[in-house]
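So this one's start-v1.pdb, PDB, C-alpha atoms:
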ATOM      1  CA  MET A   1     -29.374 160.303 -50.770  1.00  0.00           C
ATOM      2  CA  ILE A   2     -31.351 162.368 -48.262  1.00  0.00           C
ATOM      3  CA  SER A   3     -34.456 164.053 -49.564  1.00  0.00           C
ATOM      4  CA  THR A   4     -36.922 166.069 -47.574  1.00  0.00           C
ATOM      5  CA  GLY A   5     -39.635 165.916 -50.200  1.00  0.00           C
ATOM      6  CA  LYS A   6     -42.185 168.602 -50.929  1.00  0.00           C
ATOM      7  CA  ILE A   7     -43.749 170.608 -48.107  1.00  0.00           C
ATOM      8  CA  GLU A   8     -47.238 172.029 -48.539  1.00  0.00           C
ATOM      9  CA  THR A   9     -49.105 174.021 -45.952  1.00  0.00           C
ATOM     10  CA  LYS A  10     -52.877 173.789 -45.743  1.00  0.00           C
ATOM     11  CA  GLY A  11     -54.062 176.005 -42.969  1.00  0.00           C
ATOM     12  CA  ARG A  12     -52.326 174.740 -39.801  1.00  0.00           C
ATOM     13  CA  VAL A  13     -51.598 171.268 -41.067  1.00  0.00           C
ATOM     14  CA  VAL A  14     -48.249 170.666 -42.771  1.00  0.00           C
ATOM     15  CA  VAL A  15     -48.364 167.909 -45.373  1.00  0.00           C
ATOM     16  CA  LEU A  16     -45.036 166.287 -46.327  1.00  0.00           C
ATOM     17  CA  LYS A  17     -45.108 164.533 -49.688  1.00  0.00           C
ATOM     18  CA  LYS A  18     -42.421 162.029 -50.561  1.00  0.00           C
ATOM     19  CA  PRO A  19     -40.549 162.713 -53.783  1.00  0.00           C
ATOM     20  CA  THR A  20     -41.437 160.730 -56.857  1.00  0.00           C
ATOM     21  CA  VAL A  21     -38.904 158.542 -58.620  1.00  0.00           C
ATOM     22  CA  GLU A  22     -38.553 161.092 -61.450  1.00  0.00           C
ATOM     23  CA  GLY A  23     -37.904 163.922 -58.982  1.00  0.00           C
ATOM     24  CA  ALA A  24     -35.431 161.979 -56.873  1.00  0.00           C
ATOM     25  CA  TRP A  25     -33.192 160.985 -59.745  1.00  0.00           C
ATOM     26  CA  TYR A  26     -31.472 163.387 -62.063  1.00  0.00           C
ATOM     27  CA  LEU A  27     -31.051 160.985 -65.000  1.00  0.00           C
ATOM     28  CA  PRO A  28     -34.559 161.512 -66.451  1.00  0.00           C
ATOM     29  CA  ALA A  29     -33.923 165.269 -66.572  1.00  0.00           C
ATOM     30  CA  ILE A  30     -30.566 164.729 -68.298  1.00  0.00           C
ATOM     31  CA  PHE A  31     -32.132 162.477 -70.950  1.00  0.00           C
ATOM     32  CA  LYS A  32     -34.954 164.972 -71.466  1.00  0.00           C
ATOM     33  CA  GLY A  33     -32.364 167.740 -72.100  1.00  0.00           C
ATOM     34  CA  LEU A  34     -30.347 165.526 -74.427  1.00  0.00           C
ATOM     35  CA  GLY A  35     -33.509 164.677 -76.371  1.00  0.00           C
ATOM     36  CA  PHE A  36     -34.361 168.356 -76.779  1.00  0.00           C
ATOM     37  CA  THR A  37     -30.822 169.136 -77.987  1.00  0.00           C
ATOM     38  CA  PHE A  38     -30.865 166.215 -80.447  1.00  0.00           C
ATOM     39  CA  ARG A  39     -34.247 167.325 -81.874  1.00  0.00           C
ATOM     40  CA  LYS A  40     -32.920 170.867 -82.404  1.00  0.00           C
ATOM     41  CA  MET A  41     -29.744 169.538 -84.034  1.00  0.00           C
ATOM     42  CA  VAL A  42     -31.675 167.357 -86.511  1.00  0.00           C
ATOM     43  CA  TYR A  43     -34.068 170.244 -87.282  1.00  0.00           C
ATOM     44  CA  ASN A  44     -31.140 172.610 -87.974  1.00  0.00           C
ATOM     45  CA  ILE A  45     -29.370 170.074 -90.204  1.00  0.00           C
ATOM     46  CA  PHE A  46     -32.407 169.727 -92.488  1.00  0.00           C
ATOM     47  CA  ASN A  47     -33.557 173.395 -92.316  1.00  0.00           C
ATOM     48  CA  GLN A  48     -30.329 175.355 -92.769  1.00  0.00           C
ATOM     49  CA  LYS A  49     -32.049 178.213 -94.605  1.00  0.00           C
ATOM     50  CA  LYS A  50     -34.053 179.034 -91.455  1.00  0.00           C
ATOM     51  CA  MET A  51     -30.996 179.148 -89.160  1.00  0.00           C
ATOM     52  CA  PRO A  52     -30.238 182.615 -87.743  1.00  0.00           C
ATOM     53  CA  THR A  53     -26.466 182.064 -87.834  1.00  0.00           C
ATOM     54  CA  LEU A  54     -23.951 183.175 -90.445  1.00  0.00           C
ATOM     55  CA  ASN A  55     -21.307 180.976 -92.016  1.00  0.00           C
ATOM     56  CA  TYR A  56     -18.378 183.026 -90.790  1.00  0.00           C
ATOM     57  CA  PRO A  57     -15.865 183.960 -92.328  1.00  0.00           C
ATOM     58  CA  GLU A  58     -17.505 183.436 -95.725  1.00  0.00           C
ATOM     59  CA  GLU A  59     -20.511 185.543 -94.682  1.00  0.00           C
ATOM     60  CA  LYS A  60     -20.011 188.649 -92.573  1.00  0.00           C
ATOM     61  CA  TYR A  61     -22.553 190.599 -90.602  1.00  0.00           C
ATOM     62  CA  GLU A  62     -23.148 194.124 -91.854  1.00  0.00           C
ATOM     63  CA  TYR A  63     -23.284 196.581 -88.976  1.00  0.00           C
ATOM     64  CA  GLY A  64     -25.174 199.859 -89.087  1.00  0.00           C
ATOM     65  CA  PRO A  65     -23.584 203.254 -89.739  1.00  0.00           C
ATOM     66  CA  ARG A  66     -23.501 204.088 -85.995  1.00  0.00           C
ATOM     67  CA  PHE A  67     -21.368 201.048 -85.146  1.00  0.00           C
ATOM     68  CA  LYS A  68     -18.303 201.933 -83.064  1.00  0.00           C
ATOM     69  CA  GLY A  69     -15.365 199.748 -84.059  1.00  0.00           C
ATOM     70  CA  ASN A  70     -11.606 200.328 -84.103  1.00  0.00           C
ATOM     71  CA  HIS A  71     -10.224 203.807 -83.579  1.00  0.00           C
ATOM     72  CA  ILE A  72      -9.060 206.091 -86.378  1.00  0.00           C
ATOM     73  CA  LEU A  73      -6.922 209.228 -86.070  1.00  0.00           C
ATOM     74  CA  THR A  74      -7.933 211.626 -88.829  1.00  0.00           C
ATOM     75  CA  VAL A  75      -5.363 213.533 -90.847  1.00  0.00           C
ATOM     76  CA  LYS A  76      -5.168 217.054 -92.260  1.00  0.00           C
ATOM     77  CA  LYS A  77      -4.988 217.793 -95.980  1.00  0.00           C
ATOM     78  CA  ASP A  78      -1.189 217.815 -95.801  1.00  0.00           C
ATOM     79  CA  GLY A  79      -1.169 214.287 -94.300  1.00  0.00           C
ATOM     80  CA  SER A  80      -0.218 215.190 -90.719  1.00  0.00           C
ATOM     81  CA  VAL A  81      -2.279 213.961 -87.780  1.00  0.00           C
ATOM     82  CA  ARG A  82      -5.099 216.312 -86.809  1.00  0.00           C
ATOM     83  CA  CYS A  83      -4.720 215.686 -83.058  1.00  0.00           C
ATOM     84  CA  THR A  84      -3.678 218.758 -81.034  1.00  0.00           C
ATOM     85  CA  ALA A  85      -2.743 216.741 -77.914  1.00  0.00           C
ATOM     86  CA  CYS A  86      -5.366 218.484 -75.793  1.00  0.00           C
ATOM     87  CA  MET A  87      -5.745 215.309 -73.679  1.00  0.00           C
ATOM     88  CA  LEU A  88      -9.569 215.519 -73.618  1.00  0.00           C
ATOM     89  CA  CYS A  89      -9.977 212.031 -75.076  1.00  0.00           C
ATOM     90  CA  ALA A  90      -7.574 210.512 -72.532  1.00  0.00           C
ATOM     91  CA  THR A  91      -9.263 212.377 -69.677  1.00  0.00           C
ATOM     92  CA  ASN A  92     -12.739 211.333 -70.786  1.00  0.00           C
ATOM     93  CA  CYS A  93     -11.866 207.637 -71.323  1.00  0.00           C
ATOM     94  CA  PRO A  94     -13.462 205.473 -68.579  1.00  0.00           C
ATOM     95  CA  ALA A  95     -11.044 202.590 -69.240  1.00  0.00           C
ATOM     96  CA  GLN A  96      -7.941 204.830 -69.153  1.00  0.00           C
ATOM     97  CA  CYS A  97      -6.606 203.120 -72.272  1.00  0.00           C
ATOM     98  CA  ILE A  98      -5.389 206.236 -74.129  1.00  0.00           C
ATOM     99  CA  LYS A  99      -1.870 207.553 -73.527  1.00  0.00           C
ATOM    100  CA  ILE A 100      -0.679 210.753 -75.216  1.00  0.00           C
ATOM    101  CA  THR A 101       2.781 212.348 -75.104  1.00  0.00           C
ATOM    102  CA  ALA A 102       2.714 215.957 -76.295  1.00  0.00           C
ATOM    103  CA  ALA A 103       5.490 218.151 -77.688  1.00  0.00           C
ATOM    104  CA  GLU A 104       5.750 221.733 -78.883  1.00  0.00           C
ATOM    105  CA  HIS A 105       5.540 222.197 -82.633  1.00  0.00           C
ATOM    106  CA  GLU A 106       8.192 224.092 -84.657  1.00  0.00           C
ATOM    107  CA  ASP A 107       5.442 226.121 -86.323  1.00  0.00           C
ATOM    108  CA  PRO A 108       4.458 229.022 -84.007  1.00  0.00           C
ATOM    109  CA  THR A 109       0.815 228.875 -85.172  1.00  0.00           C
ATOM    110  CA  VAL A 110       0.508 225.323 -83.846  1.00  0.00           C
ATOM    111  CA  GLU A 111       0.652 225.070 -80.066  1.00  0.00           C
ATOM    112  CA  LYS A 112       1.452 221.368 -79.603  1.00  0.00           C
ATOM    113  CA  TYR A 113       1.092 218.000 -81.272  1.00  0.00           C
ATOM    114  CA  PRO A 114       1.315 214.352 -80.160  1.00  0.00           C
ATOM    115  CA  ILE A 115       4.672 212.659 -80.567  1.00  0.00           C
ATOM    116  CA  ALA A 116       3.148 209.464 -79.143  1.00  0.00           C
ATOM    117  CA  TYR A 117      -0.535 208.492 -79.194  1.00  0.00           C
ATOM    118  CA  GLU A 118      -1.347 204.980 -78.005  1.00  0.00           C
ATOM    119  CA  ILE A 119      -4.620 203.150 -77.454  1.00  0.00           C
ATOM    120  CA  ASP A 120      -4.667 199.798 -75.674  1.00  0.00           C
ATOM    121  CA  VAL A 121      -7.510 198.113 -77.535  1.00  0.00           C
ATOM    122  CA  LEU A 122      -7.698 195.231 -75.049  1.00  0.00           C
ATOM    123  CA  ARG A 123      -8.595 197.694 -72.267  1.00  0.00           C
ATOM    124  CA  CYS A 124     -10.946 199.773 -74.437  1.00  0.00           C
ATOM    125  CA  VAL A 125     -14.686 199.321 -73.903  1.00  0.00           C
ATOM    126  CA  PHE A 126     -15.555 200.973 -77.262  1.00  0.00           C
ATOM    127  CA  CYS A 127     -17.907 203.475 -75.644  1.00  0.00           C
ATOM    128  CA  GLY A 128     -17.082 206.329 -78.048  1.00  0.00           C
ATOM    129  CA  PHE A 129     -16.443 208.926 -75.311  1.00  0.00           C
ATOM    130  CA  CYS A 130     -13.068 209.764 -76.886  1.00  0.00           C
ATOM    131  CA  GLU A 131     -14.782 210.488 -80.193  1.00  0.00           C
ATOM    132  CA  GLU A 132     -17.348 212.744 -78.538  1.00  0.00           C
ATOM    133  CA  ALA A 133     -14.772 214.589 -76.417  1.00  0.00           C
ATOM    134  CA  CYS A 134     -12.456 215.515 -79.286  1.00  0.00           C
ATOM    135  CA  PRO A 135     -12.994 219.186 -80.263  1.00  0.00           C
ATOM    136  CA  VAL A 136     -11.020 218.948 -83.537  1.00  0.00           C
ATOM    137  CA  ASP A 137     -12.513 215.734 -85.016  1.00  0.00           C
ATOM    138  CA  ALA A 138      -9.209 213.893 -84.593  1.00  0.00           C
ATOM    139  CA  VAL A 139     -10.537 210.632 -83.102  1.00  0.00           C
ATOM    140  CA  ARG A 140     -13.199 208.545 -84.770  1.00  0.00           C
ATOM    141  CA  MET A 141     -14.551 205.064 -84.254  1.00  0.00           C
ATOM    142  CA  GLY A 142     -14.414 203.242 -87.575  1.00  0.00           C
ATOM    143  CA  PRO A 143     -16.332 200.284 -88.997  1.00  0.00           C
ATOM    144  CA  GLU A 144     -13.477 197.781 -88.565  1.00  0.00           C
ATOM    145  CA  TRP A 145     -13.865 195.275 -85.760  1.00  0.00           C
ATOM    146  CA  GLN A 146     -11.660 192.310 -86.639  1.00  0.00           C
ATOM    147  CA  THR A 147      -8.170 192.645 -85.193  1.00  0.00           C
ATOM    148  CA  PRO A 148      -6.437 189.273 -84.982  1.00  0.00           C
ATOM    149  CA  ALA A 149      -2.998 189.007 -83.369  1.00  0.00           C
ATOM    150  CA  LEU A 150      -0.825 186.391 -81.723  1.00  0.00           C
ATOM    151  CA  SER A 151       0.280 188.410 -78.697  1.00  0.00           C
ATOM    152  CA  GLY A 152      -1.230 191.075 -76.462  1.00  0.00           C
ATOM    153  CA  GLY A 153       1.437 193.611 -77.394  1.00  0.00           C
ATOM    154  CA  LYS A 154       0.012 193.842 -80.905  1.00  0.00           C
ATOM    155  CA  PHE A 155      -3.156 195.419 -79.503  1.00  0.00           C
ATOM    156  CA  VAL A 156      -1.486 198.631 -78.356  1.00  0.00           C
ATOM    157  CA  TYR A 157      -2.036 200.854 -81.390  1.00  0.00           C
ATOM    158  CA  ASP A 158       0.304 203.771 -82.072  1.00  0.00           C
ATOM    159  CA  ILE A 159      -0.013 206.726 -84.458  1.00  0.00           C
ATOM    160  CA  GLN A 160       1.071 204.643 -87.448  1.00  0.00           C
ATOM    161  CA  GLN A 161      -1.582 202.000 -86.778  1.00  0.00           C
ATOM    162  CA  LEU A 162      -4.316 204.521 -85.933  1.00  0.00           C
ATOM    163  CA  ALA A 163      -3.827 206.998 -88.773  1.00  0.00           C
ATOM    164  CA  TYR A 164      -1.898 205.310 -91.558  1.00  0.00           C
ATOM    165  CA  ARG A 165      -2.809 201.600 -91.550  1.00  0.00           C
ATOM    166  CA  PRO A 166      -3.240 200.060 -95.024  1.00  0.00           C
ATOM    167  CA  GLN A 167      -7.014 199.585 -94.624  1.00  0.00           C
ATOM    168  CA  LEU A 168      -7.445 203.380 -94.431  1.00  0.00           C
ATOM    169  CA  LYS A 169      -5.710 203.902 -97.803  1.00  0.00           C
ATOM    170  CA  GLY A 170      -3.581 206.870 -96.742  1.00  0.00           C
ATOM    171  CA  GLY A 171      -5.653 208.137 -93.822  1.00  0.00           C
ATOM    172  CA  VAL A 172      -9.120 209.536 -93.224  1.00  0.00           C
ATOM    173  CA  GLN A 173      -9.374 213.276 -93.777  1.00  0.00           C
ATOM    174  CA  SER A 174     -11.273 215.279 -91.227  1.00  0.00           C
ATOM    175  CA  VAL A 175     -14.383 217.128 -92.385  1.00  0.00           C
ATOM    176  CA  LEU A 176     -13.338 220.129 -90.278  1.00  0.00           C
ATOM    177  CA  ASP A 177     -10.912 222.476 -92.037  1.00  0.00           C
ATOM    178  CA  ASP A 178      -8.287 224.299 -89.943  1.00  0.00           C
ATOM    179  CA  HIS A 179      -9.210 227.745 -91.261  1.00  0.00           C
ATOM    180  CA  GLU A 180     -12.935 227.144 -90.672  1.00  0.00           C
ATOM    181  CA  ARG A 181     -12.140 225.920 -87.175  1.00  0.00           C
ATOM    182  CA  LEU A 182     -10.059 229.016 -86.335  1.00  0.00           C
ATOM    183  CA  ASP A 183     -12.625 231.394 -87.858  1.00  0.00           C
ATOM    184  CA  SER A 184     -15.427 229.878 -85.767  1.00  0.00           C
ATOM    185  CA  GLY A 185     -13.337 229.999 -82.581  1.00  0.00           C
ATOM    186  CA  ILE A 186     -12.954 226.266 -82.063  1.00  0.00           C
TER     187      ILE A 186
END
Could you express the structure from this file as structure tokens?
Amino acid sequence: MISTGKIETKGRVVVLKKPTVEGAWYLPAIFKGLGFTFRKMVYNIFNQKKMPTLNYPEEKYEYGPRFKGNHILTVKKDGSVRCTACMLCATNCPAQCIKITAAEHEDPTVEKYPIAYEIDVLRCVFCGFCEEACPVDAVRMGPEWQTPALSGGKFVYDIQQLAYRPQLKGGVQSVLDDHERLDSGI
């Protein structure tokens, strides 16, 4: 093992100090770290009430009301999806994880609607830009955050998963009514 030691400068004279035994070997530092870890482990075993961790999944952390979790597509009073396929959410998404396929609606008062709306949750960064960009309150970020699956394909959510999943109990109605929206020019 080659060691240069510690170099100190005092004015013009350079003093070279040889390393001590503790500094030259790494084993004392390893045992010091192991001792610290063991002390913390014993302390946590006997003082579990003071531990800052939760016993997941029995205890779950409660997030605040501004938490941005999984996406939700809101529905109208008649149960149809509120999205007008304006593509603002997909354009505003920095991760480019939203894909929308639009079609013309049979009703002449409705310009278009999405026949396919997909969000790749594995690419999503949960920034909430899609929620802010939506002019008709169609996209929201909900409080759900646990989405277990066995394959990556299960994380591409379609309209059925976004608007009508069982946890939503029939869908989340938008607070913006269509007639109010048209009267105000939105």
Write out as a list in words the residues lying within 10 Å of Glu111 in chain A, counting all atoms listed in the file and excluding same-chain residues fewer than 3 positions away.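 Here the qualifying residues turn out to be Thr84, Ala85, Cys86, Ala103, Glu104, His105, Glu106, Asp107 and Pro108 of chain A.
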Residue nearest Asp158 in chain A - candidates A:Ser80, A:Thr101, A:Asn47, A:Thr53, atoms counted: only C-alpha atoms: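 Of A:Ser80, A:Thr101, A:Asn47, A:Thr53, the one nearest Asp158 in chain A is A:Thr101, counting only C-alpha atoms.
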Do you know which residues are at most 6 Å from Val75 in chain A counting only C-alpha atoms, after dropping those on the same chain fewer than 3 positions away, and could you put them as number ranges by chain? A: 79-82, 172-173
Using CA of Phe126 in chain A and CA of Lys60 in chain A as the two end points, give the distance in Å to one decimal.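 Distance reported for this atom pair: 20.2 Å.
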Using only C-alpha atoms, the best pick from A:Asn92, A:Cys97, A:Leu73, A:Cys130 as closest to Gln160 in chain A would be A:Leu73
Hey, can you check how far CA of Gln146 in chain A sits from CA of Tyr61 in chain A?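 Atom-to-atom, CA of Gln146 in chain A to CA of Tyr61 in chain A, that is 11.7 Å.
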Neighbour list for Phe155 in chain A as a list in words, cut-off 9 Å, all atoms listed in the file, skip fewer than 3 positions in-chain: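 Contacts, in chain order: Ile119, Asp120, Val121, Leu122, Thr147, Pro148, Ala149, Ser151 and Gly152 of chain A.
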Residue selection dump (C-alpha atoms) as a PDB file, in the frame of the given file:
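Here's the written file part.pdb:
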ATOM      1  CA  ILE A 119      -4.620 203.150 -77.454  1.00  0.00           C
ATOM      2  CA  ASP A 120      -4.667 199.798 -75.674  1.00  0.00           C
ATOM      3  CA  VAL A 121      -7.510 198.113 -77.535  1.00  0.00           C
ATOM      4  CA  LEU A 122      -7.698 195.231 -75.049  1.00  0.00           C
ATOM      5  CA  THR A 147      -8.170 192.645 -85.193  1.00  0.00           C
ATOM      6  CA  PRO A 148      -6.437 189.273 -84.982  1.00  0.00           C
ATOM      7  CA  ALA A 149      -2.998 189.007 -83.369  1.00  0.00           C
ATOM      8  CA  SER A 151       0.280 188.410 -78.697  1.00  0.00           C
ATOM      9  CA  GLY A 152      -1.230 191.075 -76.462  1.00  0.00           C
TER      10      GLY A 152
END
Could you jot down the CA of Gly35 in chain A to CA of Lys49 in chain A separation for me, Å, one decimal place?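 Rounded to one decimal, the two atoms are 22.8 Å apart.
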Matched chain/residue IDs from the PyMOL selection byres ((chain A and resi 98) around 8), as a ChimeraX atom specification: /A:89-90,93,96-97,99-100,117-120
Counting all atoms listed in the file, figure out which residue out of A:Val110, A:Ala133, A:Ala95, A:Cys83 gets nearest to Ile159 in chain A.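 Of A:Val110, A:Ala133, A:Ala95, A:Cys83, the one nearest Ile159 in chain A is A:Cys83, counting all atoms listed in the file.
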Listed atoms of range 115-133 of chain A boxed along x, y and z, 8 Å each side, centre and edge lengths in Å, one decimal, as AutoDock Vina command-line options:
--center_x -6.6 --center_y 204.9 --center_z -76.4 --size_x 38.6 --size_y 35.4 --size_z 24.3
